[in-house]
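Dumped final.pdb below, it's PDB, C-alpha atoms:
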```pdb
ATOM      1  CA  MET Z   1       4.104  -1.817   4.490
ATOM      2  CA  LEU Z   2       0.475  -1.367   3.519
ATOM      3  CA  ILE Z   3      -0.492   2.010   2.046
ATOM      4  CA  GLY Z   4      -3.337   3.350  -0.080
ATOM      5  CA  VAL Z   5      -7.028   2.788   0.489
ATOM      6  CA  ALA Z   6      -6.467  -0.709   1.903
ATOM      7  CA  GLY Z   7      -4.110   0.824   4.475
ATOM      8  CA  ALA Z   8      -6.628   3.539   5.327
ATOM      9  CA  ASN Z   9      -9.192   0.837   6.105
ATOM     10  CA  TYR Z  10      -7.185  -0.321   9.113
ATOM     11  CA  TYR Z  11      -7.978   2.991  10.773
ATOM     12  CA  ALA Z  12     -11.759   2.607  10.359
ATOM     13  CA  ARG Z  13     -13.644   2.678  13.635
ATOM     14  CA  SER Z  14     -16.521   0.625  12.238
ATOM     15  CA  THR Z  15     -17.526  -1.220   9.080
ATOM     16  CA  GLY Z  16     -19.453   1.920   8.117
ATOM     17  CA  THR Z  17     -16.181   3.736   7.429
ATOM     18  CA  VAL Z  18     -14.480   1.018   5.379
ATOM     19  CA  PHE Z  19     -13.530   2.255   1.905
ATOM     20  CA  THR Z  20     -13.798   0.072  -1.178
ATOM     21  CA  THR Z  21     -10.688  -0.784  -3.153
ATOM     22  CA  GLU Z  22      -9.763  -3.331  -5.779
ATOM     23  CA  ASP Z  23      -6.187  -3.917  -4.694
ATOM     24  CA  ARG Z  24      -3.684  -3.776  -1.872
ATOM     25  CA  ASP Z  25      -0.725  -1.408  -2.197
ATOM     26  CA  LEU Z  26       2.482  -2.577  -0.531
ATOM     27  CA  PHE Z  27       5.209   0.057  -0.264
ATOM     28  CA  LEU Z  28       8.569  -1.695  -0.385
ATOM     29  CA  PRO Z  29      12.046  -0.334   0.282
ATOM     30  CA  ALA Z  30      14.094   0.023  -2.907
ATOM     31  CA  ILE Z  31      16.252  -3.036  -2.159
ATOM     32  CA  PRO Z  32      16.522  -5.597  -4.987
ATOM     33  CA  ARG Z  33      16.746  -8.646  -2.678
ATOM     34  CA  ASN Z  34      13.606  -7.495  -0.868
ATOM     35  CA  GLU Z  35      11.783  -7.005  -4.178
ATOM     36  CA  LEU Z  36      12.826 -10.491  -5.289
ATOM     37  CA  SER Z  37      11.604 -11.973  -1.991
ATOM     38  CA  ALA Z  38       8.224 -10.260  -2.439
ATOM     39  CA  TRP Z  39       7.916 -11.726  -5.949
ATOM     40  CA  ARG Z  40       8.694 -15.215  -4.684
ATOM     41  CA  VAL Z  41       6.067 -14.980  -1.943
ATOM     42  CA  CYS Z  42       3.494 -13.769  -4.468
ATOM     43  CA  ARG Z  43       4.322 -16.661  -6.783
ATOM     44  CA  GLU Z  44       4.006 -19.125  -3.880
ATOM     45  CA  LEU Z  45       0.511 -17.704  -3.323
ATOM     46  CA  GLY Z  46      -0.316 -18.481  -6.949
ATOM     47  CA  LEU Z  47      -0.279 -14.862  -8.092
ATOM     48  CA  GLU Z  48       0.879 -13.860 -11.570
ATOM     49  CA  LEU Z  49       3.396 -11.018 -11.751
ATOM     50  CA  TRP Z  50       2.994  -8.150 -14.206
ATOM     51  CA  CYS Z  51       5.071  -5.070 -14.960
ATOM     52  CA  GLY Z  52       3.045  -2.641 -17.015
ATOM     53  CA  ASP Z  53       0.953  -4.544 -19.539
ATOM     54  CA  GLU Z  54       3.333  -7.485 -19.754
ATOM     55  CA  PRO Z  55       4.126 -10.476 -17.560
ATOM     56  CA  LEU Z  56       7.218  -9.888 -15.442
ATOM     57  CA  GLY Z  57      10.167 -11.414 -17.271
ATOM     58  CA  ALA Z  58      11.914 -14.628 -16.433
ATOM     59  CA  PRO Z  59      13.914 -15.718 -14.676
ATOM     60  CA  LEU Z  60      12.903 -14.022 -11.448
ATOM     61  CA  ASP Z  61      16.400 -13.241 -10.276
ATOM     62  CA  LEU Z  62      18.503 -10.499  -8.760
ATOM     63  CA  VAL Z  63      19.404  -9.043 -12.171
ATOM     64  CA  LEU Z  64      15.722  -8.463 -12.960
ATOM     65  CA  ALA Z  65      15.047  -7.166  -9.446
ATOM     66  CA  LYS Z  66      17.896  -4.650  -9.784
ATOM     67  CA  ALA Z  67      16.457  -3.433 -13.098
ATOM     68  CA  VAL Z  68      12.955  -3.026 -11.614
ATOM     69  CA  VAL Z  69      14.274  -1.228  -8.528
ATOM     70  CA  SER Z  70      16.506   1.109 -10.550
ATOM     71  CA  ARG Z  71      13.457   2.175 -12.584
ATOM     72  CA  LYS Z  72      11.171   2.200  -9.523
ATOM     73  CA  ALA Z  73       8.774   0.174 -11.649
ATOM     74  CA  LEU Z  74       5.507  -1.072 -10.217
ATOM     75  CA  VAL Z  75       4.972  -4.830 -10.185
ATOM     76  CA  ARG Z  76       1.391  -6.058  -9.920
ATOM     77  CA  ALA Z  77       0.653  -9.484  -8.453
ATOM     78  CA  GLU Z  78      -2.727 -10.747  -9.636
ATOM     79  CA  GLY Z  79      -4.831 -13.698  -8.671
ATOM     80  CA  GLU Z  80      -8.447 -14.690  -8.911
ATOM     81  CA  ARG Z  81      -9.397 -13.006  -5.618
ATOM     82  CA  LEU Z  82      -6.397 -10.818  -4.794
ATOM     83  CA  THR Z  83      -4.417  -8.053  -6.482
ATOM     84  CA  ILE Z  84      -1.327  -6.545  -4.885
ATOM     85  CA  ASP Z  85       0.650  -3.593  -6.200
ATOM     86  CA  LEU Z  86       4.280  -3.867  -5.128
ATOM     87  CA  THR Z  87       5.323  -0.227  -5.262
ATOM     88  CA  LEU Z  88       8.615   1.483  -4.615
ATOM     89  CA  VAL Z  89       7.037   4.941  -4.702
ATOM     90  CA  MET Z  90       4.636   6.771  -2.399
ATOM     91  CA  ALA Z  91       3.962  10.296  -3.692
ATOM     92  CA  GLY Z  92       5.567  12.913  -1.468
ATOM     93  CA  PHE Z  93       7.363  10.437   0.804
ATOM     94  CA  GLU Z  94      10.523   8.390   1.159
ATOM     95  CA  PHE Z  95      10.210   4.826   2.445
ATOM     96  CA  GLU Z  96      12.304   5.334   5.600
ATOM     97  CA  ALA Z  97      10.180   8.253   6.850
ATOM     98  CA  VAL Z  98       6.924   6.372   6.316
ATOM     99  CA  TRP Z  99       8.392   3.240   7.919
ATOM    100  CA  ARG Z 100       9.449   5.191  11.031
ATOM    101  CA  ASN Z 101       5.904   6.506  11.481
ATOM    102  CA  ARG Z 102       4.052   3.288  10.644
ATOM    103  CA  ARG Z 103       1.518   1.695  12.916
ATOM    104  CA  ARG Z 104       1.208  -2.045  13.452
ATOM    105  CA  PHE Z 105      -2.180  -3.738  13.439
ATOM    106  CA  ARG Z 106      -2.663  -7.281  14.685
ATOM    107  CA  VAL Z 107      -4.949  -9.470  12.595
ATOM    108  CA  ARG Z 108      -5.342 -13.139  13.511
ATOM    109  CA  GLY Z 109      -2.002 -13.099  15.281
ATOM    110  CA  VAL Z 110      -0.156 -11.457  12.374
ATOM    111  CA  SER Z 111       1.427  -8.025  12.763
ATOM    112  CA  ILE Z 112       0.683  -5.839   9.727
ATOM    113  CA  PRO Z 113       2.700  -2.648   9.241
ATOM    114  CA  VAL Z 114       0.503   0.149   7.880
ATOM    115  CA  ALA Z 115       1.500   3.693   6.941
ATOM    116  CA  ARG Z 116       0.145   6.421   9.190
ATOM    117  CA  LEU Z 117      -3.274   7.578   7.970
ATOM    118  CA  THR Z 118      -2.132  11.191   7.647
ATOM    119  CA  ASP Z 119       0.727  10.011   5.385
ATOM    120  CA  ILE Z 120      -1.687   7.993   3.237
ATOM    121  CA  VAL Z 121      -4.018  10.985   2.827
ATOM    122  CA  ALA Z 122      -1.140  13.414   2.140
ATOM    123  CA  SER Z 123       0.299  11.035  -0.451
ATOM    124  CA  LYS Z 124      -3.031  10.748  -2.255
ATOM    125  CA  ALA Z 125      -3.252  14.556  -2.314
ATOM    126  CA  ALA Z 126       0.336  14.829  -3.609
ATOM    127  CA  ALA Z 127      -0.249  12.236  -6.334
ATOM    128  CA  GLY Z 128      -3.079  14.347  -7.711
ATOM    129  CA  ARG Z 129      -4.462  11.563  -9.902
ATOM    130  CA  PRO Z 130      -8.157  11.887 -10.733
ATOM    131  CA  LYS Z 131      -8.994   8.718  -8.771
ATOM    132  CA  ASP Z 132      -7.128  10.049  -5.718
ATOM    133  CA  ARG Z 133      -8.843  13.446  -5.902
ATOM    134  CA  LEU Z 134     -12.212  11.693  -6.183
ATOM    135  CA  PHE Z 135     -11.436   9.443  -3.184
ATOM    136  CA  LEU Z 136     -10.369  12.413  -1.036
ATOM    137  CA  ALA Z 137     -13.373  14.536  -2.021
ATOM    138  CA  THR Z 138     -15.867  11.703  -1.585
ATOM    139  CA  HIS Z 139     -14.543  10.641   1.809
ATOM    140  CA  GLU Z 140     -13.297  13.979   3.154
ATOM    141  CA  GLU Z 141     -15.559  13.985   6.210
ATOM    142  CA  ALA Z 142     -14.928  10.339   7.136
ATOM    143  CA  LEU Z 143     -11.168  10.790   6.758
ATOM    144  CA  ARG Z 144     -11.219  13.950   8.886
ATOM    145  CA  ASP Z 145     -13.146  12.080  11.584
ATOM    146  CA  LEU Z 146     -10.550   9.290  11.553
ATOM    147  CA  ILE Z 147      -7.577  11.652  11.664
ATOM    148  CA  ILE Z 148      -8.827  14.074  14.314
ATOM    149  CA  PRO Z 149      -8.970  12.319  17.696
ATOM    150  CA  ARG Z 150     -12.352  12.153  19.347
ATOM    151  CA  PRO Z 151     -12.693  13.787  22.764
ATOM    152  CA  ARG Z 152     -12.789  11.185  25.527
ATOM    153  CA  ARG Z 153     -15.989  10.774  27.463
ATOM    154  CA  ARG Z 154     -15.793  11.431  31.163
ATOM    155  CA  SER Z 155     -17.415   8.910  33.444
TER
END
```

Structure encoded using structure tokens:
Amino acid sequence: MLIGVAGANYYARSTGTVFTTEDRDLFLPAIPRNELSAWRVCRELGLELWCGDEPLGAPLDLVLAKAVVSRKALVRAEGERLTIDLTLVMAGFEFEAVWRNRRRFRVRGVSIPVARLTDIVASKAAAGRPKDRLFLATHEEALRDLIIPRPRRRS
């Protein structure tokens, strides 16, 4: 499920409210087989896998996936034009709760599960990292406008 700034962009009402980001954050359930499947897809797309500052070990197997999941380690998939963070953690939330409240967006016939915008914003606030605080402060008004429903016009 897509989270982070890339997830927030799906809620934009126009290109004027799209937020810039360098990567895509995918929140995965803490299931080793699922993690391993995500790695294989990333490799098929030609992405290199990293854990911390080192390439993800070999072989890519269930033993390694179990170790990564038990540590809730972040795996980064990097390519020339795409970076994906495969995360098992979303500050302040458990996967199942976010999954239940997700919204699906359809892009070119593909259904993309995205965390609810209020969950994305709350998670960024809970994380408290400088880059998250800066994002929230910089885009406070735009985010509020996206979260609070607009009154409907009467015809």

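One distance worth recording is that between atom CA of Ala125 of chain Z and atom CA of Leu82 of chain Z, which is 25.7 Å.
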
- Hey, can you pull every residue with an atom no more than 10 Å from (-9.0, 2.0, 2.6), using all atoms listed in the file, and send it as JSON, numbers by chain? {"Z": [3, 4, 5, 6, 7, 8, 9, 10, 11, 12, 17, 18, 19, 20, 21, 22, 23, 24, 117, 120, 135, 143]}

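The space between atom CA of Phe27 of chain Z and atom CA of Glu78 of chain Z spans 16.4 Å.
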
- Expansion of the PyMOL selection byres ((chain Z and resi 147) around 12) into residues, as a PyMOL selection string: chain Z and resi 8+11-13+116-122+140-146+148-150

- Query: What do you get, as a ChimeraX atom specification, if you spell out every residue that the PyMOL selection byres ((chain Z and resi 90) around 10) selects here?
  - Reply: /Z:3-4,25-28,87-89,91-95,98,119-120,122-124,126-127

- Item | Resolved residues for the PyMOL selection byres ((chain Z and resi 37-50) around 12) as a ChimeraX atom specification | /Z:1,26-36,51-62,64-65,68,73-88

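Counting from atom CA of Arg100 of chain Z, the distance to atom CA of Leu2 of chain Z is 13.4 Å.
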
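With all atoms listed in the file as the atoms that count, the residue of Z:Thr138, Z:Asp132, Z:Trp99, Z:Ser70 with the shortest distance to Pro113 of chain Z is Z:Trp99.
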
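The nearest approach to Asn101 of chain Z among the residues Z:Ala67, Z:Lys72, Z:His139, Z:Ala115, with all atoms listed in the file taken into account, belongs to Z:Ala115.
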
Take segment 38-70 of chain Z, model N, CA and C atoms, and hand the result over as a compact mmCIF listing (two decimals), keeping the file's coordinate frame.
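Contents of result02.txt, freshly written:
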```txt
# COMPACT_ATOMS: atom_id res chain seq x y z
N ALA Z 38 9.66 -10.54 -2.30
CA ALA Z 38 8.22 -10.26 -2.44
C ALA Z 38 7.66 -11.00 -3.65
N TRP Z 39 8.38 -11.00 -4.75
CA TRP Z 39 7.92 -11.73 -5.95
C TRP Z 39 7.76 -13.21 -5.66
N ARG Z 40 8.74 -13.77 -4.97
CA ARG Z 40 8.69 -15.22 -4.68
C ARG Z 40 7.50 -15.57 -3.80
N VAL Z 41 7.23 -14.74 -2.81
CA VAL Z 41 6.07 -14.98 -1.94
C VAL Z 41 4.79 -14.91 -2.77
N CYS Z 42 4.69 -13.91 -3.62
CA CYS Z 42 3.49 -13.77 -4.47
C CYS Z 42 3.32 -14.99 -5.36
N ARG Z 43 4.40 -15.46 -5.94
CA ARG Z 43 4.32 -16.66 -6.78
C ARG Z 43 3.88 -17.87 -5.97
N GLU Z 44 4.40 -18.01 -4.75
CA GLU Z 44 4.01 -19.12 -3.88
C GLU Z 44 2.52 -19.08 -3.57
N LEU Z 45 1.95 -17.87 -3.56
CA LEU Z 45 0.51 -17.70 -3.32
C LEU Z 45 -0.31 -17.91 -4.60
N GLY Z 46 0.38 -18.23 -5.69
CA GLY Z 46 -0.32 -18.48 -6.95
C GLY Z 46 -0.65 -17.23 -7.73
N LEU Z 47 -0.01 -16.12 -7.40
CA LEU Z 47 -0.28 -14.86 -8.09
C LEU Z 47 0.63 -14.72 -9.31
N GLU Z 48 0.09 -14.15 -10.37
CA GLU Z 48 0.88 -13.86 -11.57
C GLU Z 48 1.47 -12.47 -11.44
N LEU Z 49 2.71 -12.30 -11.87
CA LEU Z 49 3.40 -11.02 -11.75
C LEU Z 49 3.41 -10.28 -13.08
N TRP Z 50 3.05 -9.00 -13.02
CA TRP Z 50 2.99 -8.15 -14.21
C TRP Z 50 3.78 -6.87 -13.96
N CYS Z 51 4.41 -6.37 -14.99
CA CYS Z 51 5.07 -5.07 -14.96
C CYS Z 51 4.54 -4.31 -16.17
N GLY Z 52 3.74 -3.30 -15.91
CA GLY Z 52 3.04 -2.64 -17.02
C GLY Z 52 2.00 -3.59 -17.58
N ASP Z 53 1.93 -3.67 -18.89
CA ASP Z 53 0.95 -4.54 -19.54
C ASP Z 53 1.51 -5.91 -19.91
N GLU Z 54 2.69 -6.23 -19.39
CA GLU Z 54 3.33 -7.48 -19.75
C GLU Z 54 3.66 -8.31 -18.52
N PRO Z 55 3.69 -9.64 -18.69
CA PRO Z 55 4.13 -10.48 -17.56
C PRO Z 55 5.56 -10.11 -17.18
N LEU Z 56 5.85 -10.17 -15.89
CA LEU Z 56 7.22 -9.89 -15.44
C LEU Z 56 8.13 -10.95 -16.05
N GLY Z 57 9.25 -10.51 -16.58
CA GLY Z 57 10.17 -11.41 -17.27
C GLY Z 57 10.68 -12.56 -16.42
N ALA Z 58 11.30 -13.48 -17.10
CA ALA Z 58 11.91 -14.63 -16.43
C ALA Z 58 13.38 -14.64 -16.82
N PRO Z 59 14.22 -15.17 -15.99
CA PRO Z 59 13.91 -15.72 -14.68
C PRO Z 59 13.75 -14.61 -13.64
N LEU Z 60 13.02 -14.95 -12.57
CA LEU Z 60 12.90 -14.02 -11.45
C LEU Z 60 14.20 -14.12 -10.67
N ASP Z 61 15.09 -13.19 -10.93
CA ASP Z 61 16.40 -13.24 -10.28
C ASP Z 61 16.83 -11.84 -9.86
N LEU Z 62 18.00 -11.76 -9.27
CA LEU Z 62 18.50 -10.50 -8.76
C LEU Z 62 18.77 -9.49 -9.88
N VAL Z 63 19.16 -9.95 -11.04
CA VAL Z 63 19.40 -9.04 -12.17
C VAL Z 63 18.11 -8.32 -12.53
N LEU Z 64 17.02 -9.06 -12.64
CA LEU Z 64 15.72 -8.46 -12.96
C LEU Z 64 15.26 -7.55 -11.82
N ALA Z 65 15.45 -7.99 -10.59
CA ALA Z 65 15.05 -7.17 -9.45
C ALA Z 65 15.81 -5.85 -9.43
N LYS Z 66 17.10 -5.88 -9.74
CA LYS Z 66 17.90 -4.65 -9.78
C LYS Z 66 17.37 -3.71 -10.86
N ALA Z 67 17.00 -4.26 -12.01
CA ALA Z 67 16.46 -3.43 -13.10
C ALA Z 67 15.13 -2.78 -12.69
N VAL Z 68 14.25 -3.55 -12.05
CA VAL Z 68 12.96 -3.03 -11.61
C VAL Z 68 13.16 -1.94 -10.56
N VAL Z 69 14.02 -2.20 -9.60
CA VAL Z 69 14.27 -1.23 -8.53
C VAL Z 69 14.92 0.04 -9.09
N SER Z 70 15.85 -0.08 -10.01
CA SER Z 70 16.51 1.11 -10.55
C SER Z 70 15.52 2.00 -11.30
```
